[in-house]
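The structure appears below as structure tokens.
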There are 2 protein chains.
Amino acid sequence: MKPVRHARGEATRQAILEAAETVFAEVGFATARLEDVAAAVGIRRPSIIYYFANKQELYDAVEEDIFACMHQQALKGIAANDKPIDRLLGLLDGWLDFLVARPSAARIIQRLVADVTPRRGNPTQFSNILLRDVEMVVNEGIAAGDFRPIPPMHVVNAVGSSSLFYVCNGKQLGSNRSYDAADPKELESFRELLHLLTRAAVAPATAR
Amino acid sequence: MKPVRHARGEATRQAILEAAETVFAEVGFATARLEDVAAAVGIRRPSIIYYFANKQELYDAVEEDIFACMHQQALKGIAANDKPIDRLLGLLDGWLDFLVARPSAARIIQRLVADVTPRRGNPTQFSNILLRDVEMVVNEGIAAGDFRPIPPMHVVNAVGSSSLFYVCNGKQLGSNRSYDAADPKELESFRELLHLLTRAAVAPATAR
């Protein structure tokens with residue numbers, strides 16, 4: 001009987017996490033209310049407290065899950081390739097595909113860049129694994145002589161950021177400019193540009 | 001006597017706007033309280049209501065001012081140049097320099113991309129002038145044959161976005177990766193990359 005109860009508890013915990021991600025993405029940490037998350041799951045507030053002691057703990061679990069999953073997808077893209085440039089493109093493709101499939105995560109990360117509130121004192125508590133992936137791959141490319149000595153955080157700010165904007169901006173640029181970020185043709189067009197810019201960003205001066 | 005009173009009123013209105021921009025940048029629209037804006041100016045809440053009827057009206061005035069000033073700076077960068085690529089770089093330099101000088105504006109725009117709340121129904125009410133600048137300059141370049149037929153909003157998402165991240169992320173990437181976005185050396189290094197990526201984004205296939 002215990003496995004059944006455990007499975008049910010895990011399903012509820014997962015349902016709470018998913019509902020919380022939507023609420024945090026829509027209204028941000030400060031405005032989000034546990035009551036709204038509970039209502040979305042179809043349970044009552046005390047049932048959430050059974051799994052997550054308070055709003056900060058629930059938010060932390062959401063953010064941790066986002067960055068852990070994004071990191072896993074980046075790792076796959078890195079591991080599938082040998083050459084530094086292909087490993088970097090694999091990493092960025094992992095980010096892009098993750099964010100397109102999970103736009104609520106894109107909104108939460110977008111908020112996190114603007115907003116120190118939920119991570120006051122340690123803004124990279126959960127995102128650090130992602131930043132380290134970029135440092136690893138960029139530094140490998142520099143060491144191999146394939147990349148110019150570009151600061152890895154320049155790559156994050158100048159190239160990594162664009163996938164967040166691409167996903168978040170689909171309905172935010174006005175009705176005459178709206179697009180579906182998950183539309184295959186739209187996505188391929190954006191990915192092509194992302195690859196082109198990434199190659200340009202890291203190419204040694206002699207290769208330009 | 002009237003001009004004196006008017007000047008004092010205008011100074012108070014301006015002080016309220018500046019304090020409001022800081023508050024909205026720090027905590028977002030939903031959490032911001034008129035009391036906090038009043039306290040920062042050193043006046044009482046009813047004095048704000050004399051100038052701005054409610055929080056939405058105050059927020060609108062802040063956002064309108066941000067995009068109007070950013071647009072003016074972009075226009076200067078465009079008008080100072082003749083060739084399409086230099087006009088586009090001038091536009092993007094205008095955005096970058098504006099955001100570096102006014103990081104609270106960068107945070108508010110960053111929130112706006114994540115958050116439909118303050119502009120529900122019309123997300124580009126005040127930003128539309130910026131998007132039209134990009135459309136004008138990119139379409140000029142395409143018509144002249146200097147640019148490939150790139151969607152102007154791809155330029156916004158893939159290149160324009162990076163200045164927001166550069167400005168907002170100075171203290172958000174962890175203490176071991178922090179930087180001062182206004183530091184001249186740091187800024188020139190980022191601007192060089194921004195120019196390089198912009199050229200790569202619009203270059204016709206034959207020029208690559």
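Letters A, B, ... go to the chains of the structure tokens in the order shown; residues in each chain start at 1; ligands are counted from 1 in the same order.
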Residues of chain A within 9 Å of chain B, counting only C-alpha atoms, as a PDB file with N, CA and C atoms, in the first residue's frame:
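Output contents, as saved in selection_22.pdb:
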```pdb
ATOM      1  N   ALA A  25       5.138  32.620 -13.061  1.00  0.00           N
ATOM      2  CA  ALA A  25       5.450  33.187 -14.378  1.00  0.00           C
ATOM      3  C   ALA A  25       4.500  34.333 -14.706  1.00  0.00           C
ATOM      4  N   GLU A  26       3.232  34.162 -14.328  1.00  0.00           N
ATOM      5  CA  GLU A  26       2.230  35.163 -14.709  1.00  0.00           C
ATOM      6  C   GLU A  26       2.301  36.427 -13.879  1.00  0.00           C
ATOM      7  N   VAL A  27       2.470  36.275 -12.559  1.00  0.00           N
ATOM      8  CA  VAL A  27       2.377  37.470 -11.706  1.00  0.00           C
ATOM      9  C   VAL A  27       3.654  37.785 -10.924  1.00  0.00           C
ATOM     10  N   GLY A  28       4.656  36.906 -10.974  1.00  0.00           N
ATOM     11  CA  GLY A  28       5.884  37.178 -10.240  1.00  0.00           C
ATOM     12  C   GLY A  28       5.823  36.687  -8.805  1.00  0.00           C
ATOM     13  N   ALA A  30       6.404  38.176  -5.821  1.00  0.00           N
ATOM     14  CA  ALA A  30       5.817  39.002  -4.768  1.00  0.00           C
ATOM     15  C   ALA A  30       4.292  38.915  -4.767  1.00  0.00           C
ATOM     16  N   THR A  31       3.706  38.887  -5.967  1.00  0.00           N
ATOM     17  CA  THR A  31       2.247  38.908  -6.078  1.00  0.00           C
ATOM     18  C   THR A  31       1.631  37.522  -5.939  1.00  0.00           C
ATOM     19  N   ALA A 106      10.656  30.458 -19.185  1.00  0.00           N
ATOM     20  CA  ALA A 106      11.288  31.633 -19.803  1.00  0.00           C
ATOM     21  C   ALA A 106      10.869  32.911 -19.084  1.00  0.00           C
ATOM     22  N   ARG A 107       9.581  33.011 -18.740  1.00  0.00           N
ATOM     23  CA  ARG A 107       9.094  34.214 -18.054  1.00  0.00           C
ATOM     24  C   ARG A 107       9.696  34.333 -16.654  1.00  0.00           C
ATOM     25  N   ILE A 108       9.846  33.190 -15.979  1.00  0.00           N
ATOM     26  CA  ILE A 108      10.417  33.226 -14.628  1.00  0.00           C
ATOM     27  C   ILE A 108      11.888  33.654 -14.691  1.00  0.00           C
ATOM     28  N   ILE A 109      12.642  33.154 -15.647  1.00  0.00           N
ATOM     29  CA  ILE A 109      14.050  33.549 -15.774  1.00  0.00           C
ATOM     30  C   ILE A 109      14.134  35.031 -16.148  1.00  0.00           C
ATOM     31  N   GLN A 110      13.274  35.448 -17.055  1.00  0.00           N
ATOM     32  CA  GLN A 110      13.229  36.847 -17.470  1.00  0.00           C
ATOM     33  C   GLN A 110      12.991  37.756 -16.247  1.00  0.00           C
ATOM     34  N   ARG A 111      12.056  37.350 -15.379  1.00  0.00           N
ATOM     35  CA  ARG A 111      11.801  38.109 -14.152  1.00  0.00           C
ATOM     36  C   ARG A 111      13.010  38.106 -13.237  1.00  0.00           C
ATOM     37  N   LEU A 112      13.695  36.972 -13.188  1.00  0.00           N
ATOM     38  CA  LEU A 112      14.828  36.816 -12.278  1.00  0.00           C
ATOM     39  C   LEU A 112      15.951  37.794 -12.625  1.00  0.00           C
ATOM     40  N   VAL A 113      16.103  38.093 -13.901  1.00  0.00           N
ATOM     41  CA  VAL A 113      17.151  39.028 -14.321  1.00  0.00           C
ATOM     42  C   VAL A 113      16.801  40.450 -13.865  1.00  0.00           C
ATOM     43  N   ALA A 114      15.499  40.772 -13.867  1.00  0.00           N
ATOM     44  CA  ALA A 114      15.071  42.119 -13.465  1.00  0.00           C
ATOM     45  C   ALA A 114      15.007  42.272 -11.959  1.00  0.00           C
ATOM     46  N   ASP A 115      14.805  41.171 -11.264  1.00  0.00           N
ATOM     47  CA  ASP A 115      14.243  41.183  -9.921  1.00  0.00           C
ATOM     48  C   ASP A 115      15.153  40.429  -8.959  1.00  0.00           C
ATOM     49  N   VAL A 116      15.677  41.118  -7.962  1.00  0.00           N
ATOM     50  CA  VAL A 116      16.533  40.398  -7.019  1.00  0.00           C
ATOM     51  C   VAL A 116      15.737  39.766  -5.883  1.00  0.00           C
ATOM     52  N   THR A 117      14.447  40.094  -5.768  1.00  0.00           N
ATOM     53  CA  THR A 117      13.687  39.680  -4.581  1.00  0.00           C
ATOM     54  C   THR A 117      13.785  38.188  -4.236  1.00  0.00           C
ATOM     55  N   ASN A 122      21.748  35.679  -3.116  1.00  0.00           N
ATOM     56  CA  ASN A 122      22.367  34.609  -3.898  1.00  0.00           C
ATOM     57  C   ASN A 122      21.627  34.418  -5.221  1.00  0.00           C
ATOM     58  N   PRO A 123      21.785  35.381  -6.135  1.00  0.00           N
ATOM     59  CA  PRO A 123      20.982  35.330  -7.373  1.00  0.00           C
ATOM     60  C   PRO A 123      21.230  34.085  -8.222  1.00  0.00           C
ATOM     61  N   THR A 124      22.382  33.435  -8.068  1.00  0.00           N
ATOM     62  CA  THR A 124      22.665  32.284  -8.932  1.00  0.00           C
ATOM     63  C   THR A 124      22.589  30.944  -8.189  1.00  0.00           C
ATOM     64  N   GLN A 125      21.867  30.936  -7.054  1.00  0.00           N
ATOM     65  CA  GLN A 125      21.781  29.699  -6.263  1.00  0.00           C
ATOM     66  C   GLN A 125      21.426  28.493  -7.136  1.00  0.00           C
ATOM     67  N   SER A 127      20.835  28.886 -10.792  1.00  0.00           N
ATOM     68  CA  SER A 127      21.233  29.065 -12.194  1.00  0.00           C
ATOM     69  C   SER A 127      22.729  28.849 -12.401  1.00  0.00           C
ATOM     70  N   ASN A 128      23.476  28.742 -11.300  1.00  0.00           N
ATOM     71  CA  ASN A 128      24.930  28.645 -11.428  1.00  0.00           C
ATOM     72  C   ASN A 128      25.358  27.468 -12.307  1.00  0.00           C
ATOM     73  N   LEU A 131      25.450  28.617 -15.845  1.00  0.00           N
ATOM     74  CA  LEU A 131      26.550  29.538 -16.144  1.00  0.00           C
ATOM     75  C   LEU A 131      27.869  28.774 -16.222  1.00  0.00           C
ATOM     76  N   MET A 153      30.541  35.322 -19.930  1.00  0.00           N
ATOM     77  CA  MET A 153      29.295  36.017 -19.593  1.00  0.00           C
ATOM     78  C   MET A 153      28.843  36.956 -20.720  1.00  0.00           C
ATOM     79  N   HIS A 154      29.778  37.376 -21.588  1.00  0.00           N
ATOM     80  CA  HIS A 154      29.386  38.096 -22.799  1.00  0.00           C
ATOM     81  C   HIS A 154      28.532  37.188 -23.688  1.00  0.00           C
ATOM     82  N   VAL A 156      26.645  34.730 -22.601  1.00  0.00           N
ATOM     83  CA  VAL A 156      25.334  34.634 -21.944  1.00  0.00           C
ATOM     84  C   VAL A 156      24.490  35.871 -22.258  1.00  0.00           C
ATOM     85  N   ASN A 157      25.069  37.053 -22.055  1.00  0.00           N
ATOM     86  CA  ASN A 157      24.296  38.291 -22.229  1.00  0.00           C
ATOM     87  C   ASN A 157      23.937  38.554 -23.687  1.00  0.00           C
ATOM     88  N   ALA A 158      24.870  38.288 -24.578  1.00  0.00           N
ATOM     89  CA  ALA A 158      24.684  38.714 -25.971  1.00  0.00           C
ATOM     90  C   ALA A 158      24.012  37.662 -26.833  1.00  0.00           C
ATOM     91  N   VAL A 159      24.180  36.394 -26.504  1.00  0.00           N
ATOM     92  CA  VAL A 159      23.620  35.340 -27.349  1.00  0.00           C
ATOM     93  C   VAL A 159      22.572  34.526 -26.585  1.00  0.00           C
ATOM     94  N   GLY A 160      22.892  34.128 -25.362  1.00  0.00           N
ATOM     95  CA  GLY A 160      21.953  33.324 -24.575  1.00  0.00           C
ATOM     96  C   GLY A 160      20.644  34.039 -24.318  1.00  0.00           C
ATOM     97  N   SER A 161      20.710  35.353 -24.109  1.00  0.00           N
ATOM     98  CA  SER A 161      19.516  36.138 -23.784  1.00  0.00           C
ATOM     99  C   SER A 161      18.469  36.095 -24.894  1.00  0.00           C
ATOM    100  N   SER A 162      18.917  35.956 -26.127  1.00  0.00           N
ATOM    101  CA  SER A 162      17.991  36.128 -27.242  1.00  0.00           C
ATOM    102  C   SER A 162      16.882  35.068 -27.249  1.00  0.00           C
ATOM    103  N   SER A 163      17.182  33.845 -26.792  1.00  0.00           N
ATOM    104  CA  SER A 163      16.153  32.806 -26.780  1.00  0.00           C
ATOM    105  C   SER A 163      15.039  33.142 -25.784  1.00  0.00           C
ATOM    106  N   LEU A 164      15.400  33.769 -24.669  1.00  0.00           N
ATOM    107  CA  LEU A 164      14.391  34.213 -23.705  1.00  0.00           C
ATOM    108  C   LEU A 164      13.462  35.238 -24.342  1.00  0.00           C
ATOM    109  N   PHE A 165      14.046  36.194 -25.050  1.00  0.00           N
ATOM    110  CA  PHE A 165      13.238  37.227 -25.685  1.00  0.00           C
ATOM    111  C   PHE A 165      12.373  36.631 -26.787  1.00  0.00           C
ATOM    112  N   TYR A 166      12.972  35.752 -27.566  1.00  0.00           N
ATOM    113  CA  TYR A 166      12.215  35.112 -28.652  1.00  0.00           C
ATOM    114  C   TYR A 166      10.969  34.418 -28.096  1.00  0.00           C
ATOM    115  N   CYS A 168       9.473  34.857 -24.967  1.00  0.00           N
ATOM    116  CA  CYS A 168       8.562  35.729 -24.197  1.00  0.00           C
ATOM    117  C   CYS A 168       7.839  36.743 -25.077  1.00  0.00           C
ATOM    118  N   ASN A 169       8.443  37.160 -26.170  1.00  0.00           N
ATOM    119  CA  ASN A 169       7.930  38.295 -26.952  1.00  0.00           C
ATOM    120  C   ASN A 169       6.876  37.943 -28.000  1.00  0.00           C
ATOM    121  N   LYS A 171       3.793  37.399 -28.023  1.00  0.00           N
ATOM    122  CA  LYS A 171       2.530  38.165 -27.960  1.00  0.00           C
ATOM    123  C   LYS A 171       2.763  39.569 -27.389  1.00  0.00           C
ATOM    124  N   GLN A 172       4.027  39.957 -27.213  1.00  0.00           N
ATOM    125  CA  GLN A 172       4.318  41.213 -26.501  1.00  0.00           C
ATOM    126  C   GLN A 172       4.750  42.339 -27.429  1.00  0.00           C
ATOM    127  N   LEU A 173       4.775  42.096 -28.734  1.00  0.00           N
ATOM    128  CA  LEU A 173       5.261  43.118 -29.663  1.00  0.00           C
ATOM    129  C   LEU A 173       4.127  43.777 -30.439  1.00  0.00           C
ATOM    130  N   GLY A 174       2.909  43.545 -29.971  1.00  0.00           N
ATOM    131  CA  GLY A 174       1.754  44.129 -30.659  1.00  0.00           C
ATOM    132  C   GLY A 174       1.120  43.104 -31.590  1.00  0.00           C
ATOM    133  N   SER A 175      -0.201  43.215 -31.787  1.00  0.00           N
ATOM    134  CA  SER A 175      -0.939  42.185 -32.533  1.00  0.00           C
ATOM    135  C   SER A 175      -0.447  42.083 -33.981  1.00  0.00           C
ATOM    136  N   ARG A 177       2.534  42.224 -34.945  1.00  0.00           N
ATOM    137  CA  ARG A 177       3.855  41.594 -35.009  1.00  0.00           C
ATOM    138  C   ARG A 177       3.890  40.272 -34.248  1.00  0.00           C
ATOM    139  N   PHE A 190      14.602  31.436 -36.456  1.00  0.00           N
ATOM    140  CA  PHE A 190      15.295  32.035 -35.320  1.00  0.00           C
ATOM    141  C   PHE A 190      16.559  31.254 -34.967  1.00  0.00           C
ATOM    142  N   LEU A 193      19.475  32.125 -37.113  1.00  0.00           N
ATOM    143  CA  LEU A 193      20.080  33.392 -36.704  1.00  0.00           C
ATOM    144  C   LEU A 193      20.913  33.214 -35.430  1.00  0.00           C
ATOM    145  N   LEU A 194      20.377  32.445 -34.476  1.00  0.00           N
ATOM    146  CA  LEU A 194      21.100  32.185 -33.226  1.00  0.00           C
ATOM    147  C   LEU A 194      22.450  31.534 -33.512  1.00  0.00           C
ATOM    148  N   LEU A 196      24.162  31.640 -36.372  1.00  0.00           N
ATOM    149  CA  LEU A 196      24.999  32.608 -37.085  1.00  0.00           C
ATOM    150  C   LEU A 196      25.656  33.586 -36.109  1.00  0.00           C
ATOM    151  N   LEU A 197      24.858  34.097 -35.146  1.00  0.00           N
ATOM    152  CA  LEU A 197      25.396  35.071 -34.186  1.00  0.00           C
ATOM    153  C   LEU A 197      26.392  34.412 -33.232  1.00  0.00           C
ATOM    154  N   THR A 198      26.120  33.173 -32.862  1.00  0.00           N
ATOM    155  CA  THR A 198      27.033  32.474 -31.958  1.00  0.00           C
ATOM    156  C   THR A 198      28.388  32.263 -32.632  1.00  0.00           C
ATOM    157  N   ALA A 200      29.636  34.054 -35.021  1.00  0.00           N
ATOM    158  CA  ALA A 200      30.282  35.362 -35.141  1.00  0.00           C
ATOM    159  C   ALA A 200      30.879  35.803 -33.810  1.00  0.00           C
ATOM    160  N   ALA A 201      30.176  35.507 -32.711  1.00  0.00           N
ATOM    161  CA  ALA A 201      30.628  35.966 -31.393  1.00  0.00           C
ATOM    162  C   ALA A 201      31.962  35.352 -30.984  1.00  0.00           C
ATOM    163  N   ARG A 208      37.293  35.990 -39.379  1.00  0.00           N
ATOM    164  CA  ARG A 208      36.166  36.848 -39.766  1.00  0.00           C
ATOM    165  C   ARG A 208      36.310  37.377 -41.171  1.00  0.00           C
TER     166      ARG A 208
END
```
Hey, what does DSSP flag as helix (DSSP H, G or I) within chain B? Can you give it to me as an MDAnalysis selection string? chainID B and resid 2:31 34:41 45:51 55:79 84:101 103:114 117:119 128:143 152:171 175:177 184:202 205:207
So, counting only C-alpha atoms, which residue among B:Val23, B:Ile16, B:Ala181, B:Ala11 is closest to Arg44 in chain B?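 Among B:Val23, B:Ile16, B:Ala181, B:Ala11, it is B:Ile16 that comes nearest to Arg44 in chain B.
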Can you pull out every residue within 7 Å of range 139-147 of chain A, counting only C-alpha atoms, but drop anything in the same chain fewer than 6 positions away, and send it as a JSON list (two decimals) with N, CA and C atoms, in the first residue's frame?
```json
[["chain", "number", "residue", "atom", "x", "y", "z"],
["A", 84, "PRO", "N", 34.40, 22.31, -30.36],
["A", 84, "PRO", "CA", 33.94, 23.36, -29.45],
["A", 84, "PRO", "C", 32.74, 24.15, -29.98],
["A", 202, "VAL", "N", 32.16, 34.08, -31.29],
["A", 202, "VAL", "CA", 33.35, 33.39, -30.78],
["A", 202, "VAL", "C", 34.47, 33.26, -31.81],
["A", 203, "ALA", "N", 34.18, 33.54, -33.09],
["A", 203, "ALA", "CA", 35.19, 33.34, -34.13],
["A", 203, "ALA", "C", 36.45, 34.16, -33.85],
["A", 204, "PRO", "N", 37.64, 33.57, -33.99],
["A", 204, "PRO", "CA", 38.87, 34.34, -33.85],
["A", 204, "PRO", "C", 38.91, 35.44, -34.92]]
```
Neighbours of Asp97 in chain A within 12 Å (only C-alpha atoms; same-chain residues fewer than 6 positions away dropped), as a list in words?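 The neighbour list is Cys69, Met70, His71, Gln72, Gln73, Ala74, Lys76, Gly77, Leu89, Gly90, Leu91, Pro103, Ala105, Ala106, Ser163, Leu164, Tyr166, Val167, Ala181, Ala182, Asp183, Pro184, Leu187, Glu188, Phe190 and Arg191 of chain A.
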With N, CA and C atoms kept, could you save the residues just selected as a compact mmCIF listing (two decimals), in the first residue's frame?
```
# COMPACT_ATOMS: atom_id res chain seq x y z
N CYS A 69 16.46 21.11 -15.15
CA CYS A 69 16.00 20.54 -16.43
C CYS A 69 16.71 21.21 -17.62
N MET A 70 16.87 22.53 -17.52
CA MET A 70 17.53 23.27 -18.60
C MET A 70 18.99 22.83 -18.72
N HIS A 71 19.62 22.62 -17.58
CA HIS A 71 21.00 22.13 -17.52
C HIS A 71 21.10 20.75 -18.17
N GLN A 72 20.15 19.85 -17.86
CA GLN A 72 20.16 18.51 -18.44
C GLN A 72 20.06 18.57 -19.97
N GLN A 73 19.18 19.45 -20.46
CA GLN A 73 19.00 19.55 -21.91
C GLN A 73 20.26 20.15 -22.56
N ALA A 74 20.89 21.10 -21.88
CA ALA A 74 22.14 21.67 -22.39
C ALA A 74 23.23 20.60 -22.44
N LYS A 76 22.96 17.42 -22.80
CA LYS A 76 22.74 16.51 -23.95
C LYS A 76 23.29 17.13 -25.23
N GLY A 77 22.98 18.41 -25.41
CA GLY A 77 23.45 19.11 -26.61
C GLY A 77 24.96 19.22 -26.66
N LEU A 89 26.95 25.38 -29.75
CA LEU A 89 25.65 25.43 -30.43
C LEU A 89 24.69 24.41 -29.83
N GLY A 90 25.20 23.24 -29.46
CA GLY A 90 24.38 22.21 -28.81
C GLY A 90 23.83 22.70 -27.48
N LEU A 91 24.68 23.37 -26.72
CA LEU A 91 24.25 23.95 -25.44
C LEU A 91 23.13 24.96 -25.68
N PRO A 103 7.44 27.77 -21.89
CA PRO A 103 7.52 29.24 -21.88
C PRO A 103 7.34 29.85 -20.49
N ALA A 105 8.81 28.86 -17.88
CA ALA A 105 10.18 28.94 -17.36
C ALA A 105 10.89 30.16 -17.91
N ALA A 106 10.66 30.46 -19.19
CA ALA A 106 11.29 31.63 -19.80
C ALA A 106 10.87 32.91 -19.08
N SER A 163 17.18 33.85 -26.79
CA SER A 163 16.15 32.81 -26.78
C SER A 163 15.04 33.14 -25.78
N LEU A 164 15.40 33.77 -24.67
CA LEU A 164 14.39 34.21 -23.70
C LEU A 164 13.46 35.24 -24.34
N TYR A 166 12.97 35.75 -27.57
CA TYR A 166 12.22 35.11 -28.65
C TYR A 166 10.97 34.42 -28.10
N VAL A 167 11.11 33.69 -26.99
CA VAL A 167 9.99 32.95 -26.42
C VAL A 167 8.98 33.89 -25.74
N ALA A 181 6.15 31.20 -31.11
CA ALA A 181 7.55 30.80 -30.97
C ALA A 181 7.75 29.30 -31.21
N ALA A 182 6.69 28.51 -31.05
CA ALA A 182 6.80 27.06 -31.23
C ALA A 182 6.52 26.64 -32.67
N ASP A 183 6.10 27.56 -33.51
CA ASP A 183 5.86 27.22 -34.93
C ASP A 183 7.18 26.78 -35.57
N PRO A 184 7.20 25.57 -36.19
CA PRO A 184 8.48 25.02 -36.67
C PRO A 184 9.23 25.95 -37.62
N LEU A 187 10.60 28.91 -35.67
CA LEU A 187 11.67 28.45 -34.79
C LEU A 187 12.95 28.19 -35.57
N GLU A 188 12.80 27.57 -36.76
CA GLU A 188 14.02 27.28 -37.54
C GLU A 188 14.68 28.57 -38.01
N PHE A 190 14.60 31.44 -36.46
CA PHE A 190 15.30 32.04 -35.32
C PHE A 190 16.56 31.25 -34.97
N ARG A 191 16.47 29.92 -35.02
CA ARG A 191 17.62 29.09 -34.66
C ARG A 191 18.80 29.36 -35.62
```
Separation of CA of Glu63 in chain B from CA of Leu96 in chain B, in Å and rounded to one decimal: 17.3 Å
